[in-house]
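**Student:** Next up, work_19.txt (compact mmCIF, C-alpha atoms).
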# COMPACT_ATOMS: atom_id res chain seq x y z
CA MET T 1 -4.33 -32.06 27.11
CA LYS T 2 -5.18 -33.55 30.51
CA THR T 3 -6.01 -30.07 31.81
CA ILE T 4 -8.11 -29.30 28.74
CA GLN T 5 -10.02 -32.56 29.20
CA ALA T 6 -10.77 -31.67 32.84
CA ILE T 7 -11.89 -28.16 31.84
CA VAL T 8 -14.19 -29.54 29.14
CA GLU T 9 -15.68 -32.00 31.63
CA LEU T 10 -16.37 -29.28 34.21
CA ALA T 11 -17.87 -26.97 31.58
CA GLY T 12 -20.00 -29.79 30.20
CA ALA T 13 -21.55 -30.37 33.63
CA ALA T 14 -22.71 -26.73 33.86
CA PRO T 15 -26.26 -25.84 32.82
CA SER T 16 -26.47 -24.10 29.47
CA GLY T 17 -26.25 -20.35 29.98
CA GLU T 18 -24.34 -20.51 33.28
CA VAL T 19 -21.50 -18.01 33.49
CA LEU T 20 -18.07 -19.51 34.26
CA ALA T 21 -14.67 -17.87 34.60
CA MET T 22 -11.51 -18.91 32.78
CA ALA T 23 -8.08 -17.89 34.08
CA THR T 24 -5.19 -18.15 31.62
CA VAL T 25 -1.52 -17.36 32.16
CA MET T 26 -0.72 -14.83 29.43
CA LYS T 27 2.85 -13.78 30.09
CA VAL T 28 5.66 -14.69 32.47
CA ARG T 29 8.87 -12.93 33.33
CA GLY T 30 11.44 -14.69 35.50
CA SER T 31 10.66 -17.90 37.35
CA SER T 32 7.16 -19.35 37.44
CA TYR T 33 5.65 -22.76 38.18
CA ARG T 34 3.47 -22.66 35.03
CA ARG T 35 4.03 -21.15 31.61
CA PRO T 36 1.85 -19.09 29.25
CA GLY T 37 -1.21 -21.04 28.23
CA ALA T 38 -1.78 -22.69 31.62
CA ARG T 39 -5.52 -22.61 32.37
CA MET T 40 -8.00 -22.91 35.21
CA LEU T 41 -11.80 -22.89 34.90
CA VAL T 42 -13.97 -21.86 37.86
CA ASN T 43 -17.74 -22.33 38.15
CA THR T 44 -20.27 -20.47 40.29
CA ALA T 45 -19.99 -23.07 43.06
CA GLY T 46 -16.24 -22.45 43.34
CA ARG T 47 -15.25 -25.76 41.79
CA SER T 48 -12.28 -25.56 39.46
CA ALA T 49 -10.39 -27.59 36.86
CA GLY T 50 -6.77 -26.99 35.93
CA MET T 51 -4.03 -25.02 37.68
CA ILE T 52 -2.17 -21.82 36.81
CA SER T 53 0.51 -22.14 39.51
CA GLY T 54 1.79 -24.59 42.08
CA GLY T 55 -1.18 -23.75 44.30
CA CYS T 56 -0.09 -20.30 45.49
CA LEU T 57 -2.28 -18.23 43.13
CA GLU T 58 -5.40 -20.33 42.84
CA ASN T 59 -7.28 -19.00 45.86
CA ASP T 60 -6.70 -15.39 44.85
CA VAL T 61 -7.73 -16.20 41.27
CA ARG T 62 -10.97 -17.69 42.57
CA GLU T 63 -11.75 -14.38 44.30
CA HIS T 64 -11.19 -12.50 41.06
CA ALA T 65 -13.23 -15.13 39.22
CA ARG T 66 -16.24 -14.48 41.45
CA ALA T 67 -16.10 -10.80 40.59
CA VAL T 68 -15.68 -11.54 36.89
CA MET T 69 -18.70 -13.88 36.89
CA ALA T 70 -20.74 -11.24 38.71
CA THR T 71 -19.79 -8.26 36.54
CA GLY T 72 -19.16 -10.00 33.22
CA LYS T 73 -15.96 -7.98 32.77
CA ARG T 74 -12.53 -9.38 31.91
CA VAL T 75 -9.53 -8.46 34.05
CA LEU T 76 -5.78 -8.87 33.66
CA VAL T 77 -4.19 -9.56 37.04
CA THR T 78 -0.43 -9.22 37.56
CA TYR T 79 1.31 -11.19 40.31
CA ASP T 80 4.80 -9.91 41.12
CA SER T 81 6.98 -11.99 43.44
CA THR T 82 10.32 -10.47 42.49
CA ALA T 83 10.63 -8.47 45.73
CA PRO T 84 12.65 -10.10 48.53
CA GLU T 85 9.50 -10.11 50.65
CA ASP T 86 6.14 -10.67 49.05
CA ILE T 87 4.65 -7.57 50.67
CA VAL T 88 2.27 -6.60 47.87
CA PHE T 89 0.12 -9.70 47.65
CA GLY T 90 1.18 -11.58 50.75
CA LEU T 91 0.84 -14.79 48.78
CA GLY T 92 4.27 -16.18 49.52
CA LEU T 93 4.85 -17.03 45.88
CA GLY T 94 8.54 -17.71 46.25
CA CYS T 95 9.05 -18.09 42.47
CA ASN T 96 10.82 -14.76 41.90
CA GLY T 97 8.82 -13.98 38.79
CA ILE T 98 6.03 -11.87 37.32
CA VAL T 99 2.89 -13.63 36.08
CA GLN T 100 0.05 -11.98 34.16
CA VAL T 101 -3.27 -13.82 34.23
CA LEU T 102 -6.33 -13.05 32.09
CA ILE T 103 -9.59 -13.86 33.89
CA GLU T 104 -12.64 -13.76 31.65
CA PRO T 105 -16.32 -14.76 31.78
CA LEU T 106 -17.45 -17.61 29.53
CA THR T 107 -20.94 -18.97 28.97
CA ALA T 108 -21.68 -22.69 29.18
CA GLY T 109 -23.35 -23.90 26.01
CA ASP T 110 -21.99 -21.12 23.79
CA GLU T 111 -21.38 -23.06 20.59
CA THR T 112 -18.95 -20.51 19.13
CA GLY T 113 -16.93 -19.68 22.24
CA LEU T 114 -13.68 -20.87 23.78
CA LEU T 115 -15.27 -23.70 25.76
CA ALA T 116 -16.90 -25.18 22.66
CA PHE T 117 -13.60 -24.83 20.81
CA LEU T 118 -11.72 -26.76 23.51
CA ALA T 119 -14.45 -29.42 23.54
CA ALA T 120 -14.08 -29.81 19.77
CA CYS T 121 -10.30 -30.30 20.09
CA VAL T 122 -10.88 -33.05 22.65
CA ALA T 123 -13.74 -34.75 20.79
CA ARG T 124 -12.05 -34.73 17.38
CA ARG T 125 -8.54 -35.43 18.78
CA GLN T 126 -7.22 -32.76 16.45
CA MET T 127 -5.17 -29.62 16.88
CA GLY T 128 -6.65 -26.16 17.34
CA ARG T 129 -4.96 -22.76 17.57
CA ILE T 130 -5.72 -19.60 19.54
CA ALA T 131 -4.50 -15.99 19.40
CA THR T 132 -5.58 -13.76 22.32
CA ILE T 133 -4.85 -10.08 22.89
CA PHE T 134 -3.99 -9.39 26.53
CA GLN T 135 -2.31 -6.00 26.23
CA SER T 136 -3.43 -3.19 23.93
CA ASP T 137 -4.32 0.49 23.96
CA SER T 138 -6.91 0.09 21.22
CA ALA T 139 -8.24 -3.49 21.01
CA PRO T 140 -10.43 -4.81 23.85
CA LEU T 141 -8.78 -7.12 26.39
CA GLY T 142 -9.39 -10.74 25.45
CA THR T 143 -10.01 -10.15 21.74
CA ARG T 144 -9.49 -13.59 20.25
CA VAL T 145 -9.22 -15.65 17.08
CA LEU T 146 -9.87 -19.41 17.09
CA ARG T 147 -8.72 -21.77 14.36
CA TRP T 148 -10.92 -24.80 14.95
CA PRO T 149 -9.91 -28.43 14.35
CA ASP T 150 -12.09 -28.50 11.20
CA GLY T 151 -10.17 -25.54 9.75
CA ARG T 152 -12.74 -22.78 10.20
CA VAL T 153 -11.74 -19.51 11.85
CA THR T 154 -13.91 -17.50 14.22
CA SER T 155 -13.17 -14.23 15.97
CA THR T 156 -14.56 -11.99 18.69
CA SER T 157 -13.52 -9.02 16.54
CA THR T 158 -13.96 -8.05 12.90
CA GLY T 159 -12.03 -6.78 9.94
CA ALA T 160 -8.41 -5.75 10.19
CA VAL T 161 -7.91 -6.77 13.84
CA THR T 162 -9.04 -10.29 13.01
CA ALA T 163 -6.72 -10.33 10.00
CA ALA T 164 -3.78 -9.25 12.18
CA LEU T 165 -4.47 -12.07 14.66
CA VAL T 166 -4.85 -14.65 11.90
CA HIS T 167 -1.55 -13.44 10.46
CA SER T 168 0.10 -13.90 13.87
CA LEU T 169 -1.08 -17.53 13.91
CA ARG T 170 0.37 -18.06 10.45
CA GLU T 171 3.71 -16.49 11.35
CA ASN T 172 4.07 -18.63 14.48
CA ALA T 173 2.80 -21.92 13.12
CA ALA T 174 5.91 -23.83 14.22
CA ARG T 175 5.69 -23.00 17.92
CA ARG T 176 3.42 -24.56 20.49
CA ASN T 177 2.93 -21.42 22.59
CA ALA T 178 4.46 -17.99 22.04
CA VAL T 179 3.99 -14.46 23.31
CA ARG T 180 4.30 -11.80 20.63
CA ASN T 181 3.97 -8.06 20.16
CA ILE T 182 2.06 -7.45 16.93
CA THR T 183 1.09 -4.29 15.09
CA LEU T 184 -2.63 -3.57 14.81
CA PRO T 185 -4.26 -1.72 11.89
CA ASP T 186 -4.19 1.61 13.77
CA ALA T 187 -0.37 1.24 14.08
CA THR T 188 -0.53 0.55 17.81
CA SER T 189 1.04 -2.62 19.25
CA ALA T 190 -0.66 -5.42 21.11
CA GLY T 191 0.60 -8.24 23.31
CA VAL T 192 -0.74 -11.55 22.00
CA LEU T 193 -0.60 -15.07 23.40
CA ILE T 194 -0.50 -17.62 20.59
CA GLU T 195 -1.39 -21.17 21.61
CA THR T 196 -1.59 -24.59 20.07
CA VAL T 197 -4.07 -26.96 21.68
CA ALA T 198 -2.50 -30.30 20.85
CA PRO T 199 -4.55 -33.51 20.62
CA PRO T 200 -4.00 -36.27 23.18
CA LEU T 201 -0.71 -38.04 22.57
CA PRO T 202 -1.37 -41.48 21.03
CA LEU T 203 0.30 -44.37 22.87
CA THR T 204 -0.07 -47.93 21.60
CA ILE T 205 0.96 -50.75 23.91
CA PHE T 206 1.64 -54.12 22.29
CA GLY T 207 1.12 -56.75 24.96
CA ALA T 208 -1.68 -56.99 27.50
CA GLY T 209 0.18 -58.65 30.33
CA ASP T 210 -0.11 -57.55 33.94
CA ASP T 211 2.88 -55.22 33.58
CA ALA T 212 1.08 -53.28 30.83
CA ILE T 213 -1.76 -52.30 33.20
CA PRO T 214 0.13 -49.68 35.27
CA LEU T 215 1.69 -48.28 32.07
CA ALA T 216 -1.78 -47.71 30.59
CA GLN T 217 -2.99 -46.17 33.85
CA MET T 218 -0.07 -43.74 34.12
CA ALA T 219 -0.39 -42.71 30.49
CA LYS T 220 -4.06 -41.88 31.04
CA LEU T 221 -3.15 -39.76 34.07
CA LEU T 222 -1.18 -37.63 31.61
CA GLY T 223 -4.18 -37.36 29.31
CA TRP T 224 -2.74 -39.57 26.57
CA HIS T 225 -4.89 -41.64 24.22
CA VAL T 226 -4.07 -45.26 25.04
CA THR T 227 -4.58 -48.29 22.79
CA VAL T 228 -3.72 -51.82 23.93
CA ILE T 229 -3.18 -54.63 21.40
CA ASP T 230 -2.70 -58.34 22.11
CA ALA T 231 -3.49 -61.51 20.18
CA ARG T 232 -4.76 -63.35 23.28
CA PRO T 233 -8.53 -63.00 23.79
CA ALA T 234 -8.26 -63.64 27.54
CA TYR T 235 -5.84 -60.73 27.94
CA ALA T 236 -7.03 -58.14 25.43
CA THR T 237 -10.21 -57.16 27.26
CA PRO T 238 -11.56 -53.76 28.37
CA GLY T 239 -12.10 -55.25 31.81
CA ARG T 240 -8.35 -55.64 32.29
CA PHE T 241 -7.67 -52.16 30.92
CA PRO T 242 -10.52 -49.89 32.05
CA ALA T 243 -8.29 -46.83 31.65
CA ALA T 244 -7.50 -47.56 27.99
CA ASP T 245 -9.36 -45.80 25.20
CA ALA T 246 -9.28 -48.89 22.99
CA VAL T 247 -8.37 -52.56 23.42
CA HIS T 248 -7.95 -54.75 20.33
CA CYS T 249 -7.43 -58.50 20.02
CA LEU T 250 -5.21 -58.59 16.94
CA ARG T 251 -2.11 -60.35 15.67
CA ALA T 252 0.68 -58.17 14.34
CA GLU T 253 0.20 -59.64 10.86
CA GLU T 254 -3.36 -58.29 10.84
CA LEU T 255 -2.35 -54.69 11.55
CA PRO T 256 -1.65 -53.56 7.95
CA GLU T 257 -5.16 -54.59 6.91
CA SER T 258 -6.91 -53.41 10.07
CA GLN T 259 -9.14 -50.35 9.96
CA GLN T 260 -9.20 -50.21 13.75
CA VAL T 261 -5.60 -49.16 14.38
CA VAL T 262 -3.74 -46.20 12.87
CA PHE T 263 -0.29 -44.89 13.74
CA PRO T 264 0.04 -41.10 13.35
CA HIS T 265 3.64 -39.92 13.05
CA GLU T 266 3.51 -38.53 16.60
CA SER T 267 2.65 -41.96 18.01
CA MET T 268 4.50 -43.50 20.95
CA ILE T 269 4.80 -47.30 20.79
CA MET T 270 5.66 -49.71 23.60
CA ILE T 271 6.36 -53.34 22.69
CA MET T 272 6.01 -55.67 25.69
CA THR T 273 4.47 -58.92 24.46
CA HIS T 274 7.13 -61.03 26.28
CA ASN T 275 7.29 -63.15 23.14
CA PHE T 276 10.29 -62.83 20.84
CA THR T 277 8.42 -63.89 17.71
CA HIS T 278 5.53 -61.53 18.41
CA ASP T 279 7.90 -58.62 19.08
CA ARG T 280 9.68 -59.31 15.79
CA GLU T 281 6.38 -59.27 13.91
CA VAL T 282 5.39 -55.97 15.49
CA LEU T 283 8.76 -54.45 14.54
CA ARG T 284 8.30 -55.79 11.00
CA VAL T 285 5.03 -53.81 10.74
CA LEU T 286 6.49 -50.66 12.32
CA ALA T 287 9.78 -50.59 10.37
CA PRO T 288 8.53 -48.44 7.45
CA ARG T 289 6.67 -45.98 9.67
CA ALA T 290 8.02 -42.64 10.93
CA LEU T 291 7.07 -42.74 14.61
CA ARG T 292 8.12 -40.56 17.53
CA TYR T 293 9.11 -43.35 19.94
CA ILE T 294 9.34 -47.15 19.86
CA GLY T 295 10.20 -48.84 23.14
CA ILE T 296 11.06 -52.51 23.55
CA LEU T 297 11.03 -54.34 26.86
CA GLY T 298 14.02 -56.52 27.71
CA PRO T 299 17.82 -56.32 27.59
CA LYS T 300 19.77 -54.58 24.83
CA SER T 301 21.04 -57.90 23.48
CA ARG T 302 17.45 -58.99 22.85
CA THR T 303 16.71 -55.84 20.83
CA THR T 304 19.91 -56.35 18.84
CA ARG T 305 18.86 -59.91 18.05
CA LEU T 306 15.41 -58.71 16.93
CA LEU T 307 16.97 -56.19 14.55
CA ASP T 308 19.50 -58.74 13.26
CA ASP T 309 16.75 -61.25 12.51
CA LEU T 310 14.80 -58.65 10.54
CA ALA T 311 17.93 -57.50 8.72
CA GLU T 312 18.51 -61.06 7.49
CA GLU T 313 15.08 -60.78 5.83
CA GLY T 314 16.00 -57.45 4.26
CA ILE T 315 13.97 -55.36 6.73
CA THR T 316 16.03 -52.56 8.26
CA PHE T 317 15.46 -49.36 10.19
CA THR T 318 17.01 -46.14 8.89
CA ASP T 319 19.61 -44.39 11.03
CA GLU T 320 17.01 -41.75 11.91
CA ALA T 321 14.48 -44.41 12.92
CA LEU T 322 17.08 -46.12 15.10
CA THR T 323 17.46 -42.91 17.14
CA ARG T 324 13.78 -43.27 18.04
CA LEU T 325 14.11 -46.95 18.94
CA HIS T 326 14.62 -47.48 22.69
CA GLY T 327 15.62 -50.96 23.73
CA PRO T 328 15.68 -51.48 26.59
CA ALA T 329 12.99 -48.86 27.13
CA GLY T 330 12.98 -46.59 30.15
CA LEU T 331 15.18 -44.43 32.33
CA ASP T 332 17.88 -45.90 34.55
CA ILE T 333 16.13 -45.57 37.93
CA GLY T 334 16.61 -49.11 39.19
CA ALA T 335 13.02 -50.11 38.36
CA GLU T 336 12.00 -53.70 39.13
CA THR T 337 8.24 -53.90 39.81
CA PRO T 338 5.65 -53.34 37.05
CA GLU T 339 4.74 -49.98 38.57
CA GLU T 340 8.38 -48.88 38.80
CA ILE T 341 9.02 -50.00 35.23
CA ALA T 342 5.97 -48.03 34.08
CA VAL T 343 7.37 -44.90 35.78
CA SER T 344 10.71 -45.50 34.06
CA ILE T 345 9.11 -45.90 30.62
CA ILE T 346 6.72 -42.96 30.98
CA GLY T 347 9.62 -40.83 32.21
CA GLU T 348 11.68 -41.64 29.12
CA MET T 349 8.72 -40.97 26.82
CA GLN T 350 8.17 -37.57 28.45
CA ALA T 351 11.87 -36.78 28.07
CA VAL T 352 11.64 -37.60 24.37
CA LEU T 353 8.58 -35.39 23.99
CA SER T 354 10.36 -32.52 25.74
CA GLN T 355 13.65 -33.19 23.94
CA ARG T 356 15.43 -33.61 27.27
CA HIS T 357 17.93 -36.22 28.43
CA GLY T 358 16.01 -37.31 31.52
CA GLY T 359 18.80 -36.58 34.02
CA ALA T 360 18.50 -35.14 37.52
CA LEU T 361 17.32 -31.52 37.61
CA ARG T 362 20.01 -30.64 40.14
CA ASP T 363 22.60 -31.40 37.45
CA ARG T 364 20.90 -29.20 34.85
CA LYS T 365 22.88 -26.04 34.11
CA ALA T 366 20.03 -24.27 32.32
CA PRO T 367 16.72 -23.16 33.89
CA ILE T 368 14.17 -25.89 34.65
CA HIS T 369 11.79 -24.56 32.01
CA ASP T 370 12.81 -23.72 28.47
CA PRO T 371 12.58 -19.96 27.79
CA VAL T 372 9.19 -18.77 26.61
CA ASP T 373 9.44 -17.28 23.14
CA GLN T 374 8.20 -13.82 24.02
CA THR T 375 8.93 -10.12 23.82
CA ILE T 376 8.97 -8.49 27.28
CA PRO T 377 9.44 -4.75 27.87
CA THR T 378 12.61 -4.00 29.85
CA THR T 379 10.96 -1.23 31.88
Represent the structure of the file as structure tokens.
**Tutor:**
Amino acid sequence: MKTIQAIVELAGAAPSGEVLAMATVMKVRGSSYRRPGARMLVNTAGRSAGMISGGCLENDVREHARAVMATGKRVLVTYDSTAPEDIVFGLGLGCNGIVQVLIEPLTAGDETGLLAFLAACVARRQMGRIATIFQSDSAPLGTRVLRWPDGRVTSTSTGAVTAALVHSLRENAARRNAVRNITLPDATSAGVLIETVAPPLPLTIFGAGDDAIPLAQMAKLLGWHVTVIDARPAYATPGRFPAADAVHCLRAEELPESQQVVFPHESMIMIMTHNFTHDREVLRVLAPRALRYIGILGPKSRTTRLLDDLAEEGITFTDEALTRLHGPAGLDIGAETPEEIAVSIIGEMQAVLSQRHGGALRDRKAPIHDPVDQTIPTT
């Protein structure tokens, strides 16, 4: 979502009617720095937001983007770095993979187009879905269906092609991004990138001490939606947490009645009030909720004591909930300073999101990236 936010910001600064160029990774074979769905927006001045590689493709993409903005025509560019020497492009990719990138013109201020769709996902903090044709003998390159956060569906095509793309979204509802071959109404096949534009991840930090400041800052660097809660008026101030999206001065006992704070099931929670009683009250409120991650600062024995105290009152966490309870929170990296501890905690949260263990990549037996769910011709 951080990339999407940057793209929306750059597009919003463009005068209405200005032509921009969007580059999107459509399909990958072999090793690549970014995966399908990675985006980069380029304006007429050459400024860009987002990345589609580790920096090796961006300059070449900008050249293509200039041509696309001038001609108004979409192009699908294939970068092949599988040869021992990168003699075709001379880009020194070094990733040993094939990357296909769709570069298309977009108009700033178009209220029904892709840029407006992305802006709506950011503004509403709700999910949107996209299906884009990037390979077809019959349908135009870049034919697209958008399922907006409010539930409406728009398309750059009509009739049966739109129906086929909507069906592909329905069939792949469980995956974040996927590359599929679908059958069009004329019985020809089409390569389609199916994407889910997820809302910013909600992180709530209980405790507004000095050690919470770098945690909030790092979470915002990732594009997360950060809320800070503390009962102390001198600490729970926007001035101390300029990066946070919301700062509330509330006691844990007030949370069930508060209309200001909600906890979606995908929420990440970090408890760091440095007060045993306050931590216990926060856990009391969170116990019945199905949350993605709950982290508690302090040694394991302290977390055990918190849970034991609540259990004596008849408040317990289910076995499933306990798997999402991390106390002490963070990865074992020897963190001591507030900044190091924030890195440790954010690292563990990201590992949970990615369903990884958080170990060293050199010890990983599988590829760095999970396989993209896609159908790739063998020829």
**Student:** Nearest to Asp230 in chain T among T:Pro242, T:Pro214, T:Gly113, T:Gly209, with distances taken over all atoms listed in the file: which residue is it?
**Tutor:**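 Closest to Asp230 in chain T of all the choices is T:Gly209.
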**Student:** Which is closer to Thr132 in chain T than all the others in T:Thr183, T:Thr188, T:Thr24, T:Thr227, using only C-alpha atoms?
**Tutor:** T:Thr24
**Student:** May I ask for the distance between CA of Leu310 in chain T and CA of Val282 in chain T, given in Å to one decimal place?
**Tutor:**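 We find that CA of Leu310 in chain T and CA of Val282 in chain T lie 11.0 Å from each other.
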**Student:** Using all atoms listed in the file, which protein or nucleic acid residues come within 10 Å of Asp150 in chain T? Drop anything in the same chain fewer than 3 positions from it, and give the result as a list in words.
**Tutor:**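 So, after excluding close chain neighbours, the residues are Ala120, Cys121, Arg124, Gln126, Met127, Gly128, Arg147 and Val153 of chain T.
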**Student:** Would you write out those residues with C-alpha atoms, as a PDB file, keeping the file's coordinate frame?
**Tutor:**
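Once everything was written out, this is result-v5.pdb:
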ATOM      1  CA  ALA T 120     -14.080 -29.810  19.770  1.00  0.00           C
ATOM      2  CA  CYS T 121     -10.300 -30.300  20.090  1.00  0.00           C
ATOM      3  CA  ARG T 124     -12.050 -34.730  17.380  1.00  0.00           C
ATOM      4  CA  GLN T 126      -7.220 -32.760  16.450  1.00  0.00           C
ATOM      5  CA  MET T 127      -5.170 -29.620  16.880  1.00  0.00           C
ATOM      6  CA  GLY T 128      -6.650 -26.160  17.340  1.00  0.00           C
ATOM      7  CA  ARG T 147      -8.720 -21.770  14.360  1.00  0.00           C
ATOM      8  CA  VAL T 153     -11.740 -19.510  11.850  1.00  0.00           C
TER       9      VAL T 153
END
**Student:** At what distance in Å, to one decimal, does CA of Ala216 in chain T lie from CA of Val343 in chain T?
**Tutor:**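 These two atoms are separated by 10.9 Å.
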**Student:** When distances are computed from all atoms listed in the file, which of T:Asp363, T:Glu266, T:Glu336, T:Glu320 shows the smallest separation from Met349 in chain T?
**Tutor:**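 Under the stated criterion, the closest residue is T:Glu266.
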